[in-house]
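Data first, discussion second: the structure below is written as structure tokens.
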Amino acid sequence: MRTKSVSAQGIQADALLAKEGIILTQGGEPTFVPEKTVSPQWNLEALGEQKLSLAWKLCRELQRTLLQGAVILRSNGKHYPGEPIPRWKLTLLRRVGKHPLWTDFKLLTHGEPGKGKPLSPRKFLSALANELGVPGSLRPVYEDVEAAMRSAALRGENTPLPRYSRVKRGFVHPRWTTAQRKFWQKLDRAAGWVIPLTSIEGVWRTDNWVLPDGGELLLLPGTSSIGLRLPLHRLAPGMMSCALTAEIREGALTLFLPPLPNAVAFASLLEAIERTVLALSSPAISLEGYPPPDEEGWESLSVIPDPGVIEVNLPPAADWGSLEKTAIALYAAAEKVGLRGTRIIPSGEVVATGGGGHIVLGGPSMESNPFLLKPQLLPSFLRFIQHHPVLSYLFSGRFIGPSSQAPRIDESSFEVPNELEIALCALERMTSPADPAMIDSILRNLLLDLHGNTHRAEVSVDKFFNPFMPNGRLGLVEFRAIEMTPNAQMFLAIQSLWRALAAAFVTTPYKEPLRDWGGSIHDHYLLPSFLEQDLVEVIGFLRGAGFNFEMEWFFPHLNFRFPILAEASLGDGGWSLRRAAEPWPLLGEQPTPSGGLVRCVDSSTERLEIRLNNCGASTEVTINGFPLPLWPHPGGGHVGAVRFRTTRLPTCLHPQIEPHVPLELQFIPQDGVLRAWNYYPEAVDHGGRMLNLIPMKKSGFIAKKPGTRLFQGSKTLDLLALS
């Protein structure tokens, strides 16, 4: 008898993969927010003080519960156009099976304020240089006062810069306030100390940094660590261009680690730093800088900021047990520090964080990559997902469709499915091991969004073997139509589903030709009842591959993604109103007050599913007076859908159409007695309760509005088309 549990399916997948000699690594990118999300950093902005503080707390909790003995290193993360400096990234690093990277964690601040008087940067670096065997190469670095003043003036600050006066025919020196004088005069002191440093064949090397003009080492303007502001462009050609720096930041001695050639050198440097801290009886210090290159036998987990959320980049797990352990520990740590996988929107509805929960599949190395050893694995995924829209819409967020960040392959361009069929056949003819460069070349111009972005696709190969990105040749395939889940159980249900599909495809490739869905993909399969039926077929497919998934495991996903908004009895049966999926279009460029351009999403429309159960086939339904088309459902009862405008946005499609709310729902069942309700999309305070549905007192017959028009074959009553 096959065991019925999510964990059992993951273990079964491991067994099937091992039988085929395949190691499949699996990771993800969960996102979290705090309980209160009114601050800009929890809506549109990527950075914020609270976000960094909570990220440090999360890392310290994960260090305690999941990656015991890991060092937490702050370093540079993503850097996007328009942002002055790169975003931060916190990484937990652990070397497994050998000596730990650090012994006494009381000697590291790990994001907490410094305690006690810190050692001078010069004294510490001098001792560290002796420990490494490279004494005599220390140099002080200073703030460039003139550049700092000009930079402050550009930011609109009142700085003591002289200005030229045509009236006085000369330069006018402004009067300095006491605070200005103290601030600028303290810049005569060294901002920190630096030692050029690298490791060559296991031996530490340094250099004597001398500028061509013999001048001082003046930092680039800014507030970042001095390790990021070194004047490397002013060094003489041929000089070493990496260095370790020391400065006082947030009350602690802060070291910025240089980029090193390998992980062995990184570990050796940390050991030397800890010995120096102990030898000097230094208070706890802070570590920043470059993480080591990837190394087998090392574990890492990164926490980064993203607009509105904190994102966690999970370490790739090579087996189900590791993935399950990490997920459970992560959700528990997040809850402990005040983070969660959901947010509450103004209407009172609980929704996902708004960030991604993507699944990333790959292998331990390119030589053992499953997509290369089994060339039919990736085509199987692409074919199967295209055949089953439930995998595109059930686990995604509310922003779906052609202009979303994870459009289906048949949403990006009408030619793509035909061209992709040719491409998939070519991939399926490849011999093992397949050529990763050829896979990238075949798929890169097909797996993309409407604008040609190769990253924003439902199935992205941007990190598989991308020749245009420095970190693009990782052998990773990213499944992006998955939003954050509220808890670890729901997260693991999706992860086990994908792992089981991978194991099934490795055993028996899926080769069904791509389907031409026509308009039904944005009509039939936007309704939760039909997505549920599609999920039954997916589970049936996996049962044929030896798995034992249960529909009950995914009811929480259906109820969370498509909540029942209202329901009532009707005759011997009843009806329910449920949120359905609604694609939101990306609009044209709009000018902003600052003079730039922005593109908005039209989120003013919604789609609802009306389902009748045991109400009789003759029951008639109208919405705002228009007859609602009803279709029999394979699971019983009848289903209809309505698309309508909920609000009037400043910029939207069809601005001439006013909102259709409240929706007036009228039913005439077999007994001929009219029942009517008003439905409000936003919950309203009514008698001290939060209600969406208000009964209406009506009698007589429904005066149906003539001219109901539906698109050919459509199941949706589109009130916008009738307005």
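The chains in the structure tokens are called A, B, ... from first to last as shown; in each chain the residues are counted from 1, and the ligands are counted from 1 in the order shown.
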
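All residues of protein, DNA or RNA that reach within 10 Å of Val33 (chain A), judged by only C-alpha atoms and not counting those fewer than 2 positions away in the chain, are A:Thr31, A:Glu35, A:Lys36, A:Thr37, A:Gln41, A:Trp42, A:Asn43, A:Lys51, A:Leu54, A:Gly308, A:Val309, A:Ile310, A:Glu311, A:Ala334, A:Gly338, A:Leu339, A:Arg340, A:Gly341, A:Thr342, A:Arg343, A:Ala352, A:Thr353, A:Gly354, A:Gly355.
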
Write the selection just made, keeping N, CA, C and O atoms, as an mmCIF file, in the first residue's frame?
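Result written to selection_21.cif:
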data_model
loop_
_atom_site.group_PDB
_atom_site.id
_atom_site.type_symbol
_atom_site.label_atom_id
_atom_site.label_comp_id
_atom_site.auth_asym_id
_atom_site.auth_seq_id
_atom_site.Cartn_x
_atom_site.Cartn_y
_atom_site.Cartn_z
ATOM 1 N N THR A 31 9.217 34.551 0.065
ATOM 2 C CA THR A 31 9.263 35.969 0.423
ATOM 3 C C THR A 31 8.384 36.221 1.641
ATOM 4 O O THR A 31 7.322 35.609 1.788
ATOM 5 N N GLU A 35 3.800 41.850 10.067
ATOM 6 C CA GLU A 35 2.351 41.950 10.230
ATOM 7 C C GLU A 35 1.821 43.280 9.703
ATOM 8 O O GLU A 35 0.800 43.334 9.021
ATOM 9 N N LYS A 36 2.512 44.376 10.015
ATOM 10 C CA LYS A 36 2.092 45.694 9.562
ATOM 11 C C LYS A 36 2.918 46.076 8.338
ATOM 12 O O LYS A 36 4.145 46.130 8.403
ATOM 13 N N THR A 37 2.216 46.363 7.246
ATOM 14 C CA THR A 37 2.908 46.599 5.971
ATOM 15 C C THR A 37 2.559 47.951 5.365
ATOM 16 O O THR A 37 2.468 48.084 4.142
ATOM 17 N N GLN A 41 8.633 50.522 2.414
ATOM 18 C CA GLN A 41 9.552 49.397 2.215
ATOM 19 C C GLN A 41 8.818 48.062 2.116
ATOM 20 O O GLN A 41 9.383 47.084 1.640
ATOM 21 N N TRP A 42 7.554 48.024 2.571
ATOM 22 C CA TRP A 42 6.751 46.799 2.477
ATOM 23 C C TRP A 42 5.693 46.896 1.393
ATOM 24 O O TRP A 42 4.738 46.115 1.365
ATOM 25 N N ASN A 43 5.864 47.851 0.485
ATOM 26 C CA ASN A 43 4.939 47.996 -0.636
ATOM 27 C C ASN A 43 5.680 48.127 -1.965
ATOM 28 O O ASN A 43 5.671 47.202 -2.769
ATOM 29 N N LYS A 51 13.439 46.597 7.278
ATOM 30 C CA LYS A 51 13.666 45.408 6.446
ATOM 31 C C LYS A 51 15.037 44.803 6.737
ATOM 32 O O LYS A 51 15.181 43.583 6.886
ATOM 33 N N LEU A 54 14.989 43.195 10.300
ATOM 34 C CA LEU A 54 14.301 41.903 10.328
ATOM 35 C C LEU A 54 15.090 40.825 9.582
ATOM 36 O O LEU A 54 15.064 39.652 9.967
ATOM 37 N N GLY A 308 8.988 45.598 -1.528
ATOM 38 C CA GLY A 308 7.867 45.195 -0.701
ATOM 39 C C GLY A 308 8.065 43.971 0.159
ATOM 40 O O GLY A 308 7.240 43.680 1.018
ATOM 41 N N VAL A 309 9.165 43.209 -0.041
ATOM 42 C CA VAL A 309 9.315 41.938 0.670
ATOM 43 C C VAL A 309 10.780 41.687 1.020
ATOM 44 O O VAL A 309 11.681 42.343 0.513
ATOM 45 N N ILE A 310 10.974 40.700 1.898
ATOM 46 C CA ILE A 310 12.285 40.087 2.120
ATOM 47 C C ILE A 310 12.283 38.754 1.393
ATOM 48 O O ILE A 310 11.372 37.942 1.573
ATOM 49 N N GLU A 311 13.281 38.538 0.567
ATOM 50 C CA GLU A 311 13.360 37.296 -0.216
ATOM 51 C C GLU A 311 14.464 36.408 0.341
ATOM 52 O O GLU A 311 15.557 36.870 0.664
ATOM 53 N N ALA A 334 10.923 32.481 10.537
ATOM 54 C CA ALA A 334 10.242 33.705 10.116
ATOM 55 C C ALA A 334 9.161 34.090 11.126
ATOM 56 O O ALA A 334 9.044 35.257 11.520
ATOM 57 N N GLY A 338 8.826 37.572 13.632
ATOM 58 C CA GLY A 338 7.758 38.500 13.270
ATOM 59 C C GLY A 338 7.517 38.659 11.786
ATOM 60 O O GLY A 338 6.969 39.672 11.346
ATOM 61 N N LEU A 339 7.899 37.658 11.001
ATOM 62 C CA LEU A 339 7.656 37.676 9.563
ATOM 63 C C LEU A 339 6.628 36.610 9.212
ATOM 64 O O LEU A 339 6.485 35.605 9.908
ATOM 65 N N ARG A 340 5.930 36.830 8.099
ATOM 66 C CA ARG A 340 4.895 35.885 7.691
ATOM 67 C C ARG A 340 4.815 35.818 6.174
ATOM 68 O O ARG A 340 5.363 36.672 5.470
ATOM 69 N N GLY A 341 4.114 34.796 5.680
ATOM 70 C CA GLY A 341 3.993 34.588 4.238
ATOM 71 C C GLY A 341 2.748 35.190 3.636
ATOM 72 O O GLY A 341 2.420 34.914 2.478
ATOM 73 N N THR A 342 2.022 36.023 4.390
ATOM 74 C CA THR A 342 0.801 36.661 3.898
ATOM 75 C C THR A 342 0.787 38.117 4.336
ATOM 76 O O THR A 342 1.530 38.517 5.232
ATOM 77 N N ARG A 343 -0.088 38.883 3.700
ATOM 78 C CA ARG A 343 -0.347 40.257 4.119
ATOM 79 C C ARG A 343 -1.851 40.504 4.055
ATOM 80 O O ARG A 343 -2.582 39.785 3.357
ATOM 81 N N ALA A 352 -1.297 36.633 -0.448
ATOM 82 C CA ALA A 352 0.130 36.326 -0.364
ATOM 83 C C ALA A 352 0.940 37.613 -0.222
ATOM 84 O O ALA A 352 0.431 38.721 -0.381
ATOM 85 N N THR A 353 2.212 37.469 0.047
ATOM 86 C CA THR A 353 3.072 38.634 0.277
ATOM 87 C C THR A 353 3.172 39.532 -0.938
ATOM 88 O O THR A 353 3.479 40.708 -0.828
ATOM 89 N N GLY A 354 2.920 38.977 -2.130
ATOM 90 C CA GLY A 354 3.122 39.725 -3.369
ATOM 91 C C GLY A 354 4.449 39.389 -4.018
ATOM 92 O O GLY A 354 4.703 39.755 -5.164
ATOM 93 N N GLY A 355 5.303 38.691 -3.288
ATOM 94 C CA GLY A 355 6.582 38.260 -3.850
ATOM 95 C C GLY A 355 6.483 36.854 -4.392
ATOM 96 O O GLY A 355 5.461 36.183 -4.284
#

Fill in: Near-His110 (chain A) list (8 Å; only C-alpha atoms; drop same-chain fewer than 5 positions) as a list in words
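These residues fall inside the cut-off: Trp56, Arg60, Ile72, Leu73, Ser286 and Leu287 of chain A.
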
Practice task
Give me, please, the distance in Å between CA of Gly348 (chain A) and CA of Leu628 (chain A), quoted to one decimal.
Solution key: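 Interatomic distance, CA of Gly348 (chain A) to CA of Leu628 (chain A): 28.6 Å.
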
Close residues, Asn471 (chain A) itself excluded, 12 Å, only C-alpha atoms, min 5 positions apart in chain, as a list of chain:residue names: A:Lys78, A:Pro293, A:Asp294, A:Asp462, A:Lys463, A:Phe464, A:Phe465, A:Asn466, A:Leu476

Query raised in the report: Leaving out region 575-579 of chain A and any residue of its chain fewer than 5 positions from it, which residues lie within 12 Å of it when counting only C-alpha atoms, given as a PyMOL selection string?
Result: chain A and resi 349+394+398+526-529+558-570+605-616+619+621+637-643+663+665-667+669+675+677-681+692-693
